[in-house]
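> The following file, upload-v9.cif, comprises mmCIF, C-alpha atoms:
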data_target
#
loop_
_atom_site.label_atom_id
_atom_site.label_comp_id
_atom_site.auth_asym_id
_atom_site.auth_seq_id
_atom_site.Cartn_x
_atom_site.Cartn_y
_atom_site.Cartn_z
CA MET D 1 94.42 94.44 125.96
CA ASP D 2 94.99 91.05 124.39
CA HIS D 3 93.94 87.47 124.97
CA PHE D 4 97.36 85.82 124.81
CA ILE D 5 98.09 84.80 128.38
CA LEU D 6 100.12 82.26 130.31
CA LYS D 7 98.11 79.61 132.11
CA GLY D 8 100.12 77.11 134.11
CA GLY D 9 103.22 78.11 132.20
CA VAL D 10 101.58 77.45 128.83
CA LEU D 11 100.81 80.33 126.45
CA HIS D 12 97.15 80.40 125.45
CA ALA D 13 95.24 82.25 122.74
CA GLU D 14 92.02 82.94 124.60
CA ASP D 15 91.27 79.47 126.07
CA VAL D 16 93.29 77.43 123.57
CA PRO D 17 96.85 76.31 124.40
CA LEU D 18 99.22 77.28 121.59
CA SER D 19 100.96 73.94 122.11
CA ALA D 20 97.73 72.19 121.12
CA ILE D 21 97.54 74.25 117.91
CA ALA D 22 101.17 73.44 117.13
CA GLU D 23 100.50 69.73 117.62
CA ALA D 24 97.42 69.89 115.38
CA VAL D 25 98.77 71.88 112.43
CA GLY D 26 102.55 72.06 112.89
CA THR D 27 104.83 75.09 112.97
CA PRO D 28 105.45 77.76 111.99
CA VAL D 29 101.85 78.98 112.16
CA TYR D 30 100.22 82.36 112.68
CA VAL D 31 97.62 82.43 115.45
CA TYR D 32 95.21 85.32 115.79
CA SER D 33 92.78 86.04 118.60
CA ARG D 34 89.31 87.01 117.40
CA ALA D 35 88.54 88.51 120.81
CA THR D 36 91.65 90.72 120.69
CA PHE D 37 90.97 91.94 117.15
CA THR D 38 87.31 92.64 117.95
CA HIS D 39 88.17 94.50 121.15
CA HIS D 40 90.69 96.83 119.53
CA ALA D 41 88.55 97.43 116.44
CA ARG D 42 85.67 98.51 118.67
CA VAL D 43 87.80 100.64 120.99
CA PHE D 44 89.30 102.58 118.07
CA LYS D 45 85.95 103.05 116.31
CA GLN D 46 84.05 104.01 119.45
CA ALA D 47 86.71 106.53 120.49
CA LEU D 48 86.35 108.35 117.17
CA GLU D 49 82.55 108.15 117.08
CA ALA D 50 82.34 109.64 120.56
CA VAL D 51 83.86 112.99 119.53
CA LEU D 52 83.61 113.25 115.73
CA PRO D 53 80.39 113.74 113.75
CA ARG D 54 81.24 111.90 110.51
CA ILE D 55 83.92 109.26 110.13
CA HIS D 56 85.00 106.48 107.79
CA ILE D 57 87.52 103.84 108.86
CA ALA D 58 89.41 101.83 106.24
CA PHE D 59 91.73 99.15 107.63
CA ALA D 60 95.15 99.20 105.97
CA VAL D 61 95.16 95.80 104.29
CA LYS D 62 98.94 96.01 103.78
CA SER D 63 99.32 95.51 107.53
CA ASN D 64 97.48 92.17 107.53
CA PRO D 65 95.82 90.72 104.40
CA ASN D 66 94.60 87.55 106.12
CA LEU D 67 91.08 86.93 104.81
CA ALA D 68 89.74 85.80 108.18
CA VAL D 69 91.00 89.02 109.77
CA LEU D 70 89.41 91.13 107.02
CA LYS D 71 86.08 89.31 107.42
CA LEU D 72 86.14 90.03 111.15
CA LEU D 73 86.83 93.73 110.56
CA ALA D 74 84.12 93.91 107.89
CA LYS D 75 81.62 92.72 110.50
CA GLU D 76 82.81 95.52 112.77
CA GLY D 77 81.96 98.11 110.10
CA TYR D 78 85.45 98.68 108.74
CA GLY D 79 86.22 99.39 105.12
CA ALA D 80 89.62 98.81 103.54
CA ASP D 81 92.61 100.85 102.44
CA VAL D 82 94.28 98.94 99.59
CA VAL D 83 97.37 99.51 97.47
CA SER D 84 96.89 96.85 94.77
CA ALA D 85 94.24 94.95 92.86
CA GLY D 86 95.10 91.88 94.90
CA GLU D 87 94.35 93.69 98.14
CA MET D 88 91.13 95.03 96.59
CA ASP D 89 90.07 91.48 95.73
CA ARG D 90 90.69 90.36 99.29
CA ALA D 91 88.73 93.25 100.77
CA LEU D 92 85.75 92.59 98.51
CA ALA D 93 85.94 88.84 99.16
CA ALA D 94 85.83 89.60 102.89
CA GLY D 95 82.50 91.36 102.44
CA MET D 96 83.69 94.95 102.62
CA PRO D 97 81.43 97.08 100.38
CA ALA D 98 83.22 98.49 97.35
CA ALA D 99 82.04 101.96 98.35
CA ASP D 100 84.02 101.59 101.59
CA VAL D 101 87.29 100.69 99.87
CA VAL D 102 89.99 103.33 99.33
CA PHE D 103 92.68 102.73 96.69
CA SER D 104 95.91 104.33 97.90
CA GLY D 105 99.55 103.83 97.01
CA VAL D 106 102.09 104.76 94.39
CA GLY D 107 102.38 102.90 91.11
CA LYS D 108 98.76 102.06 90.37
CA THR D 109 98.69 100.40 86.95
CA HIS D 110 96.30 101.09 84.09
CA ASP D 111 94.64 97.69 84.56
CA GLU D 112 94.26 98.25 88.31
CA MET D 113 92.56 101.59 87.72
CA VAL D 114 90.16 99.97 85.25
CA ARG D 115 89.35 97.14 87.64
CA ALA D 116 88.81 99.51 90.55
CA LEU D 117 86.45 101.66 88.47
CA GLU D 118 84.55 98.58 87.31
CA ALA D 119 84.22 97.42 90.93
CA GLY D 120 82.89 100.80 92.02
CA LEU D 121 85.52 101.57 94.63
CA GLY D 122 84.60 104.48 96.85
CA GLN D 123 87.75 106.58 96.57
CA PHE D 124 91.14 106.87 94.90
CA ASN D 125 93.91 108.62 96.83
CA LEU D 126 95.96 110.24 94.07
CA GLU D 127 99.71 110.27 94.69
CA SER D 128 100.62 112.65 91.85
CA GLU D 129 99.14 114.93 89.23
CA GLU D 130 100.24 112.51 86.51
CA GLU D 131 98.31 109.69 88.15
CA GLY D 132 95.23 111.88 88.31
CA VAL D 133 95.48 112.77 84.63
CA GLU D 134 95.76 109.09 83.68
CA LEU D 135 92.86 108.06 85.91
CA ALA D 136 90.71 110.88 84.52
CA ALA D 137 91.31 109.71 80.96
CA ILE D 138 90.50 106.10 81.82
CA ALA D 139 87.34 107.01 83.71
CA HIS D 140 86.16 109.36 80.96
CA THR D 141 86.64 106.65 78.34
CA MET D 142 84.57 104.27 80.49
CA GLY D 143 81.83 106.85 80.94
CA LYS D 144 82.57 107.15 84.66
CA ARG D 145 83.86 109.70 87.15
CA ALA D 146 86.45 108.60 89.67
CA THR D 147 85.93 109.96 93.17
CA CYS D 148 89.31 111.14 94.45
CA THR D 149 91.33 112.83 97.11
CA LEU D 150 94.78 114.31 96.53
CA ARG D 151 97.49 112.95 98.80
CA VAL D 152 99.62 115.76 100.15
CA ASN D 153 103.08 115.47 101.68
CA PRO D 154 102.95 117.94 104.60
CA ASP D 155 106.72 117.79 105.24
CA VAL D 156 106.29 116.73 108.86
CA ASP D 157 108.70 114.33 110.55
CA ALA D 158 106.68 111.69 112.41
CA GLY D 159 109.67 110.85 114.59
CA THR D 160 109.38 107.17 113.71
CA HIS D 161 111.83 104.80 112.04
CA ALA D 162 113.22 106.14 108.76
CA LYS D 163 112.00 103.08 106.84
CA ILE D 164 108.35 103.73 107.77
CA SER D 165 108.36 107.52 107.55
CA THR D 166 106.16 108.84 104.72
CA GLY D 167 105.45 112.49 105.50
CA LYS D 168 108.76 114.30 105.01
CA ALA D 169 109.62 116.28 101.88
CA ASP D 170 112.21 113.72 100.79
CA ASN D 171 109.74 110.82 101.01
CA LYS D 172 108.22 109.59 97.75
CA PHE D 173 104.56 109.84 98.77
CA GLY D 174 102.06 112.53 97.77
CA VAL D 175 102.48 115.94 96.18
CA ALA D 176 104.51 118.75 97.72
CA TYR D 177 102.47 120.85 100.12
CA HIS D 178 103.23 124.15 98.40
CA HIS D 179 102.10 122.78 95.02
CA ALA D 180 98.97 121.03 96.29
CA ALA D 181 96.40 123.80 95.78
CA ALA D 182 97.38 124.38 92.15
CA ILE D 183 97.43 120.65 91.38
CA TYR D 184 94.04 120.17 93.04
CA ALA D 185 92.57 122.94 90.88
CA ARG D 186 93.90 121.41 87.67
CA LEU D 187 92.66 117.93 88.57
CA ALA D 188 89.24 119.24 89.59
CA ALA D 189 88.80 120.62 86.06
CA LEU D 190 89.23 117.19 84.42
CA PRO D 191 85.97 115.56 83.22
CA GLY D 192 86.78 112.08 84.53
CA LEU D 193 87.45 113.07 88.14
CA GLU D 194 85.30 114.06 91.10
CA MET D 195 87.76 115.68 93.49
CA ARG D 196 86.32 115.67 96.99
CA GLY D 197 89.19 116.17 99.38
CA LEU D 198 92.72 115.72 100.62
CA ALA D 199 94.69 112.84 102.08
CA LEU D 200 97.89 112.37 104.04
CA HIS D 201 99.76 109.63 105.89
CA ILE D 202 102.96 110.58 107.68
CA GLY D 203 104.16 107.17 108.84
CA SER D 204 103.60 104.10 110.99
CA GLN D 205 104.15 103.30 114.67
CA ILE D 206 103.83 106.95 115.69
CA THR D 207 104.26 107.19 119.45
CA ASP D 208 103.77 110.94 119.92
CA LEU D 209 100.67 112.88 118.87
CA ALA D 210 102.57 116.13 118.19
CA PRO D 211 103.63 115.28 114.59
CA SER D 212 100.07 114.28 113.65
CA ARG D 213 98.73 117.46 115.23
CA ALA D 214 101.16 119.56 113.20
CA ALA D 215 100.38 117.73 109.96
CA PHE D 216 96.62 118.00 110.44
CA ALA D 217 96.91 121.72 111.21
CA LYS D 218 98.72 122.25 107.91
CA MET D 219 96.00 120.32 106.10
CA GLY D 220 93.39 122.53 107.74
CA ALA D 221 95.08 125.60 106.30
CA LEU D 222 95.13 123.97 102.86
CA LEU D 223 91.45 123.08 103.25
CA ASP D 224 90.63 126.74 103.86
CA GLU D 225 92.69 127.79 100.84
CA LEU D 226 90.88 125.38 98.54
CA ARG D 227 87.42 126.36 99.76
CA THR D 228 88.25 130.04 99.43
CA ALA D 229 89.13 129.31 95.80
CA GLY D 230 85.71 127.73 95.33
CA HIS D 231 86.66 124.05 95.41
CA ASN D 232 84.64 121.25 96.95
CA VAL D 233 86.28 119.61 99.96
CA SER D 234 83.96 117.21 101.73
CA HIS D 235 86.43 114.52 102.86
CA MET D 236 89.80 114.57 104.64
CA ASP D 237 91.73 111.31 104.83
CA LEU D 238 94.07 111.54 107.83
CA GLY D 239 95.77 108.20 107.24
CA GLY D 240 96.93 105.88 110.00
CA GLY D 241 100.01 105.38 112.09
CA LEU D 242 98.90 105.38 115.74
CA GLY D 243 101.56 103.36 117.54
CA VAL D 244 101.04 100.26 119.65
CA PRO D 245 103.08 99.15 122.68
CA TYR D 246 105.51 96.36 121.89
CA ARG D 247 107.26 96.30 125.26
CA ALA D 248 105.90 95.55 128.70
CA GLY D 249 105.05 98.74 130.60
CA GLU D 250 105.29 100.95 127.52
CA GLN D 251 102.82 103.83 127.79
CA LEU D 252 101.66 105.32 124.48
CA PRO D 253 98.75 107.54 123.43
CA GLY D 254 95.63 105.44 122.97
CA PRO D 255 92.60 105.78 120.69
CA ALA D 256 90.81 108.13 123.09
CA ASP D 257 93.85 110.45 123.24
CA TYR D 258 94.15 110.37 119.47
CA ALA D 259 90.44 111.04 118.94
CA ALA D 260 90.51 114.02 121.32
CA MET D 261 93.46 115.53 119.44
CA VAL D 262 91.74 115.04 116.07
CA ALA D 263 88.53 116.60 117.36
CA GLU D 264 90.44 119.66 118.60
CA VAL D 265 92.47 120.20 115.43
CA THR D 266 89.62 119.57 112.98
CA GLN D 267 86.95 121.59 114.74
CA GLY D 268 84.95 123.53 112.17
CA TRP D 269 86.23 121.59 109.17
CA ASP D 270 82.74 120.23 108.32
CA VAL D 271 84.05 117.16 106.48
CA THR D 272 83.90 113.40 106.73
CA LEU D 273 87.13 112.39 108.44
CA MET D 274 88.72 109.21 107.13
CA PHE D 275 91.19 106.98 108.96
CA GLU D 276 93.43 104.11 107.82
CA PRO D 277 94.58 102.23 110.93
#
Mind turning the file's structure into structure tokens?


Amino acid sequence: MDHFILKGGVLHAEDVPLSAIAEAVGTPVYVYSRATFTHHARVFKQALEAVLPRIHIAFAVKSNPNLAVLKLLAKEGYGADVVSAGEMDRALAAGMPAADVVFSGVGKTHDEMVRALEAGLGQFNLESEEEGVELAAIAHTMGKRATCTLRVNPDVDAGTHAKISTGKADNKFGVAYHHAAAIYARLAALPGLEMRGLALHIGSQITDLAPSRAAFAKMGALLDELRTAGHNVSHMDLGGGLGVPYRAGEQLPGPADYAAMVAEVTQGWDVTLMFEP
């Protein structure tokens, strides 16, 4: 559902003719519909809340860093998934609590780690063991403990475009699945880290739920392995990627379908499930 419709042959955003906006501010110009954003934010959140006991939703700021959009999502109870200090600044400026901000992404710099710790960000998604070791040292020096998950590459093909695929073994994101348990154990022993779970993200514009189901099932097996070894796992970050229809008549799985699949696969996990749409 969106609020961009033709009225009398003129495209409108809600009740405002786009031609009137173009005359007022010139072109090119980006025009967003508050009603559309609010509707979809609520539909996604409500679908998850209906079937899952504990959730956290962090909007992927990389997909739209517009401050007005972030402020709208903050009012809807969304946190933020950021991949840079600049995105962190925008999320905080939009009113998203620091505790609801997740710092993901490869290539976090020393200064970004320091700033994120000073701001009190809620979670770091570690992309590698080396990153975890560096963050642990920084946090320990500052007298802090960084709350973290370990991003795992489940080696699952999302079936999406190669340029937005992030979950196959040859992609640069996360640690290899078969090394994850050993890396988690080593990171959990570091004084500057509080390891609390696992993370994954297998790609964007995913139009079939089967790859996500397969990836989540593998993460469930890893969850069991870690708990059997005595490790704390209280959070599982399942990433984002649910596709949207770009073409008229295109039928894709919606939030309710996605939520039902997640509920089925994660039954018995007893964790807070995190999402990064």

> So how many Å separate CA of Leu273 in chain D and CA of Asp208 in chain D, to one decimal?

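Straight-line distance from CA of Leu273 in chain D to CA of Asp208 in chain D works out to 20.3 Å.
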
> What would the list of residues within 8 Å of (95.0, 97.0, 104.2) (file frame) look like as a ChimeraX atom specification, if all atoms listed in the file are what count?

/D:58-65,80-83,87

> CA of Asn232 in chain D to CA of Phe103 in chain D: how many Å, to one decimal?

20.2 Å

> Have a look at D:Met113, D:Ala214, D:Leu121, D:Gln205 and name the one nearest to Leu252 in chain D; count only C-alpha atoms.

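Among the listed residues, D:Gln205 lies closest to Leu252 in chain D.
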
> I'd like the contact shell of Ala263 in chain D - 10 Å cut-off, only C-alpha atoms, skipping same-chain residues fewer than 3 positions apart - returned as a list in words.

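My list of contacting residues is Leu48, Ala50, Val51, Leu52, Pro53, Tyr258, Ala259, Ala260, Thr266, Gln267, Gly268, Trp269 and Leu273 of chain D.
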
> Of the candidates D:Gln251, D:His12, D:Arg213, D:Gly240, which one gets nearest to Glu264 in chain D if we count only C-alpha atoms?

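Nearest candidate to Glu264 in chain D out of D:Gln251, D:His12, D:Arg213, D:Gly240: D:Arg213.
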
> Mind checking which residues fall within 8 Å of Glu129 in chain D, counting all atoms listed in the file, ignoring those fewer than 4 positions away in the same chain, and posting them as a ChimeraX atom specification?

/D:133,175,183,187

> Got a sec: who's within 12 Å of Asp15 in chain D, counting all atoms listed in the file, leaving out chain neighbours fewer than 4 positions off, as a list of chain:residue names?

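Non-adjacent residues within range: D:His3, D:Phe4, D:Ile5, D:Leu6, D:Lys7, D:Val10, D:Leu11, D:Ser19, D:Ala20, D:Ile21, D:Ser33, D:Arg34, D:Ala35.
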
> For a quick check of understanding, using all atoms listed in the file, which of D:His231, D:Arg90, D:Lys144, D:His39 has the smallest distance to Ala181 in chain D?

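Selected residue with least distance to Ala181 in chain D: D:His231.
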
> How many Å separate CA of Ser104 in chain D from CA of Ile138 in chain D?

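It comes out at 17.1 Å.
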
> Since I can't run it myself right now, could you work out what the PyMOL selection byres ((chain D and resi 77) around 10) selects here and report it as a list in words?

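Applied to this file, the PyMOL selection byres ((chain D and resi 77) around 10) returns Ala41, Arg42, Lys45, His56, Ile57, Ala58, Leu72, Leu73, Ala74, Lys75, Glu76, Tyr78, Gly79, Met96, Pro97 and Asp100 of chain D.
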
> With distances taken over only C-alpha atoms, which of D:Glu118, D:Asp111, D:Asp155, D:Glu49 is nearest to Phe216 in chain D?

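Of all the options, D:Asp155 lies closest to Phe216 in chain D.
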
> If the PyMOL selection byres ((chain D and resi 235) around 7) were run on this exact file, what residues would it hold? Put them as an MDAnalysis selection string.

chainID D and resid 196:198 233:234 236:237 271:273

> Give me the residues within 6 Å of Pro154 in chain D as an MDAnalysis selection string, counting all atoms listed in the file and dropping any in the same chain fewer than 2 places off.

chainID D and resid 152 156 177 215

> Let me make sure I understand: among D:His201, D:Arg145, D:Lys218, D:Arg227, which one has the smallest atom-to-atom distance to Gly122 in chain D if we use all atoms listed in the file?

D:Arg145

> Out of D:Gly243, D:Gly86, D:Gly174, D:Gly120, which residue has the shortest atom-to-atom distance to Ala98 in chain D when counting all atoms listed in the file?

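Smallest separation from Ala98 in chain D among the options: D:Gly120.
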
> If we count all atoms listed in the file, what is near Lys108 in chain D at a cut-off of 12 Å, once residues fewer than 3 positions away on the same chain are taken out, given as a list in words?

Val82, Val83, Ser84, Ala85, Gly86, Phe103, Ser104, Gly105, Asp111, Glu112, Met113, Val114, Arg115, Ala116, Phe124, Asn125, Leu126, Glu127, Ser128, Glu130, Glu131, Gly132, Glu134 and Leu135 of chain D
